[in-house]
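S.K.: Got a structure here, written out as structure tokens. Questions coming.
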Amino acid sequence: SRDPLILFMPSGKRGRFPVGTPVLEAARQLGVYVESVCGGRATCGRCQVEVQEGSFAKHGIVSSNDHISPVGPKEKRYAEVRTLPEGRRLSCSATIEGDLVIDVPQDAVVNAQVVRKAASDRVIERNPAVHLCYVEVDEPDMHKPLGDLDRMKVMLEKDWNYKDLQVEPHLLPEVQKILRKGNWSVTAAIHRDSPTSRPTIIALWPGLHNEAYGLACDIGSTTIAMHLVSLLSGRVVASSGTSNPQIRFGEDLMSRVSYVMMNPDGREAMTKAVRQAVSELVDKVCAEGGVSRSDILDSVFVANPIMHHLFLGIDPTELGQAPFALAVSGAVACEAKDIELALNPGARTYLLPCIAGHVGADAAGATLSEGPHRQDRMMLLVDVGTNAEIVLGNRERTVAASSPTGPAFEGAEISCGQRAAPGAIERVRIDAQTLEPRFKVIGVDQWSDEEGFAEDAEKTGITGICGSAIIEVVAEMYLSGVISADGVVDGSLAARSPRILENGRTFSYLLHEGAQKITVTQNDVRAIQLAKAALYAGIKLLMEKQGVETVDTIRFAGAFGSFIDPKYAMVLGLIPDCDLSEVKAVGNAAGTGALMALLNRDHRREIEETVRRIEKIETALEPHFQQLFIDAMALPNKVDPFPKLAA
Ligand code: FES
């Protein structure tokens, strides 16, 4: 008769193994990643799996708990000392006795952290670059003068199959102490970035050490966000964010580049500021997660090109002018201490590759997360900031560009614009008949025309319009006929509505009259038109490069996308016509990409390869861009149809 058939979920990998094979061994042979620190001694508890019971007709498997060996003495001992959740088995001890479907629990469930719109949770299969390996080393013997370290290497090779191990030199003075302290047992952290690279021992602990963490960090120009993650379970144990202290050198990216150009120690000051902020965030997540810095062994960063360069201590001046040359575009792998990051002394750092001079490692992270390169459909991925980073592609071909949208989408340059805080108008509707508005204010539960609004609004005040609402106001003004397709506020309406105010040669729309007048001026509308035209023209250019008239699906990465309503984005023509159900906000996709690269080294190769293949388009060099921009000034567009919007 044939050997039992084993199917591992969620990877779907399967194979036949003789009765009596430990489940962990089967996983190893099939390349299914199951964590194990103790090397199958049933002491670390990291190798837990679950049997899925039932008939899996599609795979021809009937799986049952009778097909796995009963709990043996070692497993029982572990369960008594450390407790094993119901249904869980230690795969190093449990052996195959019949056909099985084995579930490898993936704790790395990432909530994309979209504040108001829930994006789908995702599971990241684990295969980190750093691994903990416990070994028991022979005691020294005068007749066999092999060094303590060398005997440890022998055991790491024997038990863990690591050949040609290197050792971090800073560990050499520690080896003898650690081995003796652990009574000849030791846990080694081994870093191996790819299956072919040379493995390195980066940390040692006496006895069994069962904690290993990593950081995934997104350095944005305004905020820095960080996750602290267990490399053993994949669980995010703490997440935090802070504002980027470089803001004091300049609000936007270009002003920070100018600061470097004008000040002899400007680069140094900004590098110091961002590294300091990252270090403070490490303190914060460590405190929140109850984790010691010395247990952090790996870290992954994404950032836009200028933040990326400043974090690495590279002068970003070249990025401020054509041809926008990056000092390094490929992924950067180094030791954490090289960038003054005080984690475990052997900890590593990895920065995702940059796509182009204006399309950074953050866009690479978002690409890794959303995966246009993994699908057949044409996906548009947009990250809107002062620059919009745009990626368009599918399995066959991917193109990328950035477009200078300016800060209007973030509420800057808008007369009553303000940051999203209590008192800011966040939602707007305008009645097409009366031109009267209704709106919602952050910090107040009701709409402005609902009962109780006035009392509650009294407390917060009504102070301005937040960035995301700007899109909505202008779109509602267009839908109600306050502005024309050219974006002109129709002054003739002043005769029938007190909402239309004259100021000089143009008109404004009065949204609220209270302690402060909140108006949308002709200039505000223009600023939004310019920003949206830049974004759309960039997208359109990429669509032309791809030779497509429409896109199948749209992903908005970043905070901006989380707050705007896709319908309004389309009404104004920020994005091309698309099925509204296919337009999704995905939150901090760049950060999710960093997390993926942290938890699975294969994702590093995947994004490096993808970025190499992405065709970079420089909008400034495309003569056609100007025409596309002019066409896109109209609402929603002068030439392009929006049939899905009409429907
Ligand atoms: Fe450590 Fe199974 S590998 S308990």
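A note on labels: chains of the structure tokens are A, B, ... as shown, every chain counts residues from 1, and ligands are counted from 1 in their shown order.
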Show which residues sit within 10 Å of Lys13 in chain A, as a PyMOL selection string. Count only C-alpha atoms, and ignore same-chain residues fewer than 6 positions away.
M.R.: chain A and resi 6-7+27+30-32
S.K.: Taking the chain letters and numbering used in this document, name the residues of range 170-356 of chain A that DSSP puts in strand (DSSP E), as a ChimeraX atom specification.
M.R.: /A:185-191,200-206,213-219,223-230,236-243,296-303,332-335,348-351
S.K.: So that I have them on file, write out the residues from the current selection with C-alpha atoms, as a PDB file, in the first residue's frame.
M.R.:
ATOM      1  CA  SER A 185      23.521  24.211  25.544  1.00  0.00           C
ATOM      2  CA  VAL A 186      23.070  27.376  23.501  1.00  0.00           C
ATOM      3  CA  THR A 187      20.615  29.133  21.215  1.00  0.00           C
ATOM      4  CA  ALA A 188      22.088  30.765  18.131  1.00  0.00           C
ATOM      5  CA  ALA A 189      20.347  33.361  15.986  1.00  0.00           C
ATOM      6  CA  ILE A 190      21.243  32.676  12.399  1.00  0.00           C
ATOM      7  CA  HIS A 191      20.747  35.223   9.678  1.00  0.00           C
ATOM      8  CA  THR A 200      25.829  34.005   9.821  1.00  0.00           C
ATOM      9  CA  ILE A 201      25.539  33.542  13.565  1.00  0.00           C
ATOM     10  CA  ILE A 202      24.470  36.988  14.731  1.00  0.00           C
ATOM     11  CA  ALA A 203      23.557  36.358  18.378  1.00  0.00           C
ATOM     12  CA  LEU A 204      23.987  33.725  21.109  1.00  0.00           C
ATOM     13  CA  TRP A 205      22.190  33.001  24.356  1.00  0.00           C
ATOM     14  CA  PRO A 206      22.930  30.379  27.011  1.00  0.00           C
ATOM     15  CA  TYR A 213      11.523  40.111  17.189  1.00  0.00           C
ATOM     16  CA  GLY A 214      11.722  42.342  14.182  1.00  0.00           C
ATOM     17  CA  LEU A 215      10.710  45.875  13.227  1.00  0.00           C
ATOM     18  CA  ALA A 216       8.791  46.959  10.153  1.00  0.00           C
ATOM     19  CA  CYS A 217       8.928  50.695   9.688  1.00  0.00           C
ATOM     20  CA  ASP A 218       7.607  53.220   7.193  1.00  0.00           C
ATOM     21  CA  ILE A 219       9.421  56.551   7.276  1.00  0.00           C
ATOM     22  CA  THR A 223       4.799  60.527  10.009  1.00  0.00           C
ATOM     23  CA  ILE A 224       6.852  57.487  10.907  1.00  0.00           C
ATOM     24  CA  ALA A 225       4.953  54.266  11.604  1.00  0.00           C
ATOM     25  CA  MET A 226       6.395  51.138  13.182  1.00  0.00           C
ATOM     26  CA  HIS A 227       5.306  47.574  13.935  1.00  0.00           C
ATOM     27  CA  LEU A 228       7.102  45.322  16.397  1.00  0.00           C
ATOM     28  CA  VAL A 229       6.611  41.722  15.339  1.00  0.00           C
ATOM     29  CA  SER A 230       7.495  38.339  16.787  1.00  0.00           C
ATOM     30  CA  VAL A 236       2.364  42.073  15.650  1.00  0.00           C
ATOM     31  CA  VAL A 237       2.977  42.760  19.334  1.00  0.00           C
ATOM     32  CA  ALA A 238       2.931  46.552  19.177  1.00  0.00           C
ATOM     33  CA  SER A 239       2.398  49.323  16.640  1.00  0.00           C
ATOM     34  CA  SER A 240       3.054  52.997  17.023  1.00  0.00           C
ATOM     35  CA  GLY A 241       3.675  56.185  15.107  1.00  0.00           C
ATOM     36  CA  THR A 242       5.236  59.570  15.588  1.00  0.00           C
ATOM     37  CA  SER A 243       5.590  62.702  13.519  1.00  0.00           C
ATOM     38  CA  ILE A 296      15.151  42.551  18.185  1.00  0.00           C
ATOM     39  CA  LEU A 297      17.211  40.831  15.519  1.00  0.00           C
ATOM     40  CA  ASP A 298      15.939  42.157  12.216  1.00  0.00           C
ATOM     41  CA  SER A 299      14.386  45.336  10.830  1.00  0.00           C
ATOM     42  CA  VAL A 300      12.887  46.400   7.525  1.00  0.00           C
ATOM     43  CA  PHE A 301      12.334  49.975   6.353  1.00  0.00           C
ATOM     44  CA  VAL A 302      10.422  51.637   3.552  1.00  0.00           C
ATOM     45  CA  ALA A 303      10.566  55.345   2.739  1.00  0.00           C
ATOM     46  CA  VAL A 332      20.128  47.875   0.969  1.00  0.00           C
ATOM     47  CA  ALA A 333      21.064  45.187   3.471  1.00  0.00           C
ATOM     48  CA  CYS A 334      23.313  46.155   6.350  1.00  0.00           C
ATOM     49  CA  GLU A 335      23.767  45.807  10.064  1.00  0.00           C
ATOM     50  CA  ARG A 348      20.214  43.337  10.622  1.00  0.00           C
ATOM     51  CA  THR A 349      18.483  45.970   8.556  1.00  0.00           C
ATOM     52  CA  TYR A 350      16.930  45.741   5.140  1.00  0.00           C
ATOM     53  CA  LEU A 351      15.585  48.601   3.030  1.00  0.00           C
TER      54      LEU A 351
END
S.K.: How would you report the residues lying within 10 Å of ligand 1, as a ChimeraX atom specification, if you count only C-alpha atoms and all ligand atoms?
M.R.: /A:23-24,34-49,74-75,78,89-94,133-134,208,210
S.K.: List as a ChimeraX atom specification the protein and nucleic acid residues near range 393-395 of chain A, meaning an atom at most 7 Å away when only C-alpha atoms are counted, but skip any in the same chain fewer than 6 places from it.
M.R.: /A:372-380
S.K.: From a DSSP pass on the backbone, collect the residues of range 439-485 of chain A flagged as alpha helix (DSSP H) and hand them back as a PyMOL selection string.
M.R.: chain A and resi 453-460+467-479
S.K.: Listing only residues of range 366-421 of chain A within 10 Å of range 246-259 of chain A, what is the closest atom pair and its distance in Å (to one decimal) for each, using only C-alpha atoms, sorted by chain and residue number ascending, as a tab-separated table?
M.R.:
residue	atom	partner	partner_atom	distance
A:Gly385	CA	A:Asp252	CA	9.7
A:Thr386	CA	A:Asp252	CA	7.2
A:Asn387	CA	A:Leu253	CA	9.1
A:Gly406	CA	A:Asp252	CA	9.3
A:Pro407	CA	A:Asp252	CA	8.4
S.K.: Write out as a ChimeraX atom specification each polymer residue whose atoms come within 7 Å of Leu319 in chain A, counting only C-alpha atoms; drop sequence neighbours fewer than 6 positions from it.
M.R.: /A:325-326,357
S.K.: Next, dump the selected residues to file, keeping only N, CA and C atoms, as a PDB file, in the first residue's frame.
M.R.:
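And here's out37.pdb as it stands now:
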ATOM      1  N   ALA A 325      18.932  61.634  -9.754  1.00  0.00           N
ATOM      2  CA  ALA A 325      19.722  60.408  -9.584  1.00  0.00           C
ATOM      3  C   ALA A 325      19.704  59.917  -8.136  1.00  0.00           C
ATOM      4  N   LEU A 326      19.345  58.669  -7.962  1.00  0.00           N
ATOM      5  CA  LEU A 326      19.426  58.017  -6.660  1.00  0.00           C
ATOM      6  C   LEU A 326      20.872  57.591  -6.430  1.00  0.00           C
ATOM      7  N   GLY A 357      13.707  57.984  -9.012  1.00  0.00           N
ATOM      8  CA  GLY A 357      14.081  59.160  -8.246  1.00  0.00           C
ATOM      9  C   GLY A 357      12.937  59.772  -7.445  1.00  0.00           C
TER      10      GLY A 357
END
